[in-house]
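Structure file data-v2.pdb (PDB, C-alpha atoms) follows.
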```pdb
MODEL        1
ATOM      1  CA  MET A1249      18.897   0.844  -3.856  1.00  0.00           C
ATOM      2  CA  ALA A1250      16.244   0.659  -6.573  1.00  0.00           C
ATOM      3  CA  ALA A1251      13.817  -0.865  -4.050  1.00  0.00           C
ATOM      4  CA  LYS A1252      13.783   2.371  -2.075  1.00  0.00           C
ATOM      5  CA  LYS A1253      12.673   4.354  -5.111  1.00  0.00           C
ATOM      6  CA  SER A1254      10.066   1.887  -6.359  1.00  0.00           C
ATOM      7  CA  GLY A1255       8.341   1.493  -3.004  1.00  0.00           C
ATOM      8  CA  LYS A1256       6.889  -1.485  -1.225  1.00  0.00           C
ATOM      9  CA  THR A1257       3.430  -2.975  -0.888  1.00  0.00           C
ATOM     10  CA  LEU A1258       1.879  -4.131   2.369  1.00  0.00           C
ATOM     11  CA  ASN A1259      -1.186  -6.370   2.420  1.00  0.00           C
ATOM     12  CA  LEU A1260      -3.068  -5.947   5.679  1.00  0.00           C
ATOM     13  CA  ALA A1261      -4.484  -8.918   7.579  1.00  0.00           C
ATOM     14  CA  ALA A1262      -8.243  -9.457   7.913  1.00  0.00           C
ATOM     15  CA  THR A1263      -8.140  -8.365  11.561  1.00  0.00           C
ATOM     16  CA  ILE A1264      -6.033  -5.433  12.731  1.00  0.00           C
ATOM     17  CA  ASP A1265      -6.354  -5.792  16.502  1.00  0.00           C
ATOM     18  CA  LEU A1266      -4.096  -5.716  19.553  1.00  0.00           C
ATOM     19  CA  ASN A1267      -2.295  -8.901  18.477  1.00  0.00           C
ATOM     20  CA  GLU A1268      -1.681  -7.654  14.929  1.00  0.00           C
ATOM     21  CA  ALA A1269      -0.676  -4.110  15.940  1.00  0.00           C
ATOM     22  CA  ALA A1270       2.806  -5.083  17.155  1.00  0.00           C
ATOM     23  CA  ALA A1271       3.476  -7.153  14.031  1.00  0.00           C
ATOM     24  CA  LEU A1272       2.212  -4.296  11.876  1.00  0.00           C
ATOM     25  CA  ARG A1273       4.543  -1.855  13.652  1.00  0.00           C
ATOM     26  CA  ASP A1274       7.472  -4.184  12.952  1.00  0.00           C
ATOM     27  CA  LYS A1275       6.502  -4.433   9.269  1.00  0.00           C
ATOM     28  CA  PHE A1276       6.430  -0.651   8.999  1.00  0.00           C
ATOM     29  CA  LEU A1277       9.806  -0.334  10.703  1.00  0.00           C
ATOM     30  CA  SER A1278      11.303  -2.725   8.143  1.00  0.00           C
ATOM     31  CA  MET A1279       9.836  -0.643   5.299  1.00  0.00           C
ATOM     32  CA  ARG A1280      11.046   2.718   6.593  1.00  0.00           C
ATOM     33  CA  GLY A1281      12.848   4.743   3.943  1.00  0.00           C
ATOM     34  CA  SER A1282      10.701   3.440   1.077  1.00  0.00           C
ATOM     35  CA  ALA A1283       7.415   4.602  -0.357  1.00  0.00           C
ATOM     36  CA  VAL A1284       4.593   2.353   0.840  1.00  0.00           C
ATOM     37  CA  SER A1285       1.309   1.345  -0.740  1.00  0.00           C
ATOM     38  CA  ILE A1286      -1.154  -0.510   1.440  1.00  0.00           C
ATOM     39  CA  ASP A1287      -3.785  -2.980   0.322  1.00  0.00           C
ATOM     40  CA  ALA A1288      -6.549  -3.023   2.942  1.00  0.00           C
ATOM     41  CA  SER A1289      -9.065  -4.831   0.738  1.00  0.00           C
ATOM     42  CA  ALA A1290      -9.092  -7.960   2.942  1.00  0.00           C
ATOM     43  CA  VAL A1291      -9.614  -6.091   6.217  1.00  0.00           C
ATOM     44  CA  GLU A1292     -12.775  -7.124   8.045  1.00  0.00           C
ATOM     45  CA  ARG A1293     -12.078  -5.548  11.444  1.00  0.00           C
ATOM     46  CA  VAL A1294      -9.882  -2.739  12.764  1.00  0.00           C
ATOM     47  CA  GLY A1295      -9.266  -2.042  16.438  1.00  0.00           C
ATOM     48  CA  ALA A1296      -8.319   1.356  17.813  1.00  0.00           C
ATOM     49  CA  LEU A1297      -4.701   0.310  18.433  1.00  0.00           C
ATOM     50  CA  GLY A1298      -4.384  -0.969  14.851  1.00  0.00           C
ATOM     51  CA  ALA A1299      -5.748   2.330  13.536  1.00  0.00           C
ATOM     52  CA  GLN A1300      -3.279   4.179  15.732  1.00  0.00           C
ATOM     53  CA  VAL A1301      -0.341   2.213  14.293  1.00  0.00           C
ATOM     54  CA  LEU A1302      -1.545   2.956  10.752  1.00  0.00           C
ATOM     55  CA  MET A1303      -1.933   6.683  11.398  1.00  0.00           C
ATOM     56  CA  SER A1304       1.409   6.866  13.196  1.00  0.00           C
ATOM     57  CA  ALA A1305       3.049   5.280  10.155  1.00  0.00           C
ATOM     58  CA  ALA A1306       1.243   7.733   7.855  1.00  0.00           C
ATOM     59  CA  LYS A1307       2.597  10.654   9.911  1.00  0.00           C
ATOM     60  CA  THR A1308       6.119   9.186   9.898  1.00  0.00           C
ATOM     61  CA  TRP A1309       6.085   8.736   6.114  1.00  0.00           C
ATOM     62  CA  ASP A1310       4.763  12.276   5.714  1.00  0.00           C
ATOM     63  CA  GLN A1311       7.627  13.627   7.831  1.00  0.00           C
ATOM     64  CA  ASP A1312      10.068  11.566   5.761  1.00  0.00           C
ATOM     65  CA  LYS A1313       8.482  13.035   2.602  1.00  0.00           C
ATOM     66  CA  LEU A1314       7.745   9.583   1.196  1.00  0.00           C
ATOM     67  CA  ALA A1315       4.522   8.282  -0.328  1.00  0.00           C
ATOM     68  CA  PHE A1316       2.162   6.428   2.005  1.00  0.00           C
ATOM     69  CA  THR A1317      -1.042   5.463   0.236  1.00  0.00           C
ATOM     70  CA  PHE A1318      -3.872   2.994   0.475  1.00  0.00           C
ATOM     71  CA  THR A1319      -4.383   1.414  -2.941  1.00  0.00           C
ATOM     72  CA  LYS A1320      -7.451  -0.606  -1.960  1.00  0.00           C
ATOM     73  CA  VAL A1321      -9.685  -0.505   1.091  1.00  0.00           C
ATOM     74  CA  SER A1322     -12.580  -2.712   2.120  1.00  0.00           C
ATOM     75  CA  ASP A1323     -15.912  -1.222   3.147  1.00  0.00           C
ATOM     76  CA  ALA A1324     -15.344  -2.541   6.666  1.00  0.00           C
ATOM     77  CA  PHE A1325     -11.955  -0.806   6.858  1.00  0.00           C
ATOM     78  CA  GLN A1326     -13.311   2.487   5.574  1.00  0.00           C
ATOM     79  CA  LYS A1327     -16.383   2.442   7.858  1.00  0.00           C
ATOM     80  CA  THR A1328     -14.393   1.498  10.953  1.00  0.00           C
ATOM     81  CA  MET A1329     -11.799   4.198  10.364  1.00  0.00           C
ATOM     82  CA  GLN A1330     -14.616   6.704   9.889  1.00  0.00           C
ATOM     83  CA  LEU A1331     -16.250   5.603  13.163  1.00  0.00           C
ATOM     84  CA  ILE A1332     -12.917   6.017  14.963  1.00  0.00           C
ATOM     85  CA  GLY A1333     -12.666   9.507  13.483  1.00  0.00           C
ATOM     86  CA  VAL A1334      -9.933   8.908  10.905  1.00  0.00           C
ATOM     87  CA  ASP A1335     -10.376  10.213   7.371  1.00  0.00           C
ATOM     88  CA  VAL A1336      -8.389   7.943   5.059  1.00  0.00           C
ATOM     89  CA  HIS A1337      -9.529   9.704   1.876  1.00  0.00           C
ATOM     90  CA  PRO A1338      -6.419  11.939   1.697  1.00  0.00           C
ATOM     91  CA  LEU A1339      -4.297   8.766   1.828  1.00  0.00           C
ATOM     92  CA  LEU A1340      -6.139   6.934  -0.949  1.00  0.00           C
ATOM     93  CA  ALA A1341      -4.154   6.520  -4.148  1.00  0.00           C
ATOM     94  CA  LYS A1342      -5.404   8.793  -6.902  1.00  0.00           C
ATOM     95  CA  GLU A1343      -6.206   7.267 -10.257  1.00  0.00           C
ATOM     96  CA  ILE A1344      -4.304   8.817 -13.126  1.00  0.00           C
TER
ENDMDL
END
```

structure tokens encoding of this file:
Amino acid sequence: MAAKKSGKTLNLAATIDLNEAAALRDKFLSMRGSAVSIDASAVERVGALGAQVLMSAAKTWDQDKLAFTFTKVSDAFQKTMQLIGVDVHPLLAKEI
């Protein structure tokens, strides 16, 4: 049960598109019940469906009262999310 308290890390693929969205959903389902930190530093492209899966997971983790943070984000990830209309800044991990 210690794994639930320590959280899990998810490294996102370079392309978060229609093909990756279903796999990403499955990864999130397997991590449910644990705090999650996401490394989006390798992301080069994000499609609208991929962004939707990410934001749905963020909402789910918020409702479960568990941490859901992005530890690293690439410029491409941040710019694409901004263009889609998603502000990821509240989800970025804060430095202590």

Could you expand the PyMOL selection byres ((chain A and resi 1257-1272) around 12) into the explicit residues it covers here, written as a ChimeraX atom specification? /A:1251-1252,1254-1256,1273-1279,1282-1305,1315-1322,1324-1325,1328-1329

Grab the CA of Trp1309 (chain A) to CA of Gly1333 (chain A) distance for me, in Å with one decimal place.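 It comes out at 20.2 Å.
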
Report, in Å with one decimal, the straight-line distance from CA of Ala1306 (chain A) to CA of Ala1341 (chain A).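 It comes out at 13.2 Å.
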
One number please: CA of Gly1281 (chain A) to CA of Gln1311 (chain A), in Å, one decimal.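 One can read the CA of Gly1281 (chain A) to CA of Gln1311 (chain A) distance as 11.0 Å.
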
Grab all the atoms of region 1277-1292 of chain A that the file lists, wrap them in a box along x, y and z, add 5 Å per side, and give me centre plus edge lengths in Å (one decimal) as lines of an AutoDock Vina configuration file.
```
center_x = 0.0
center_y = -1.6
center_z = 5.0
size_x = 35.6
size_y = 22.7
size_z = 21.4
```
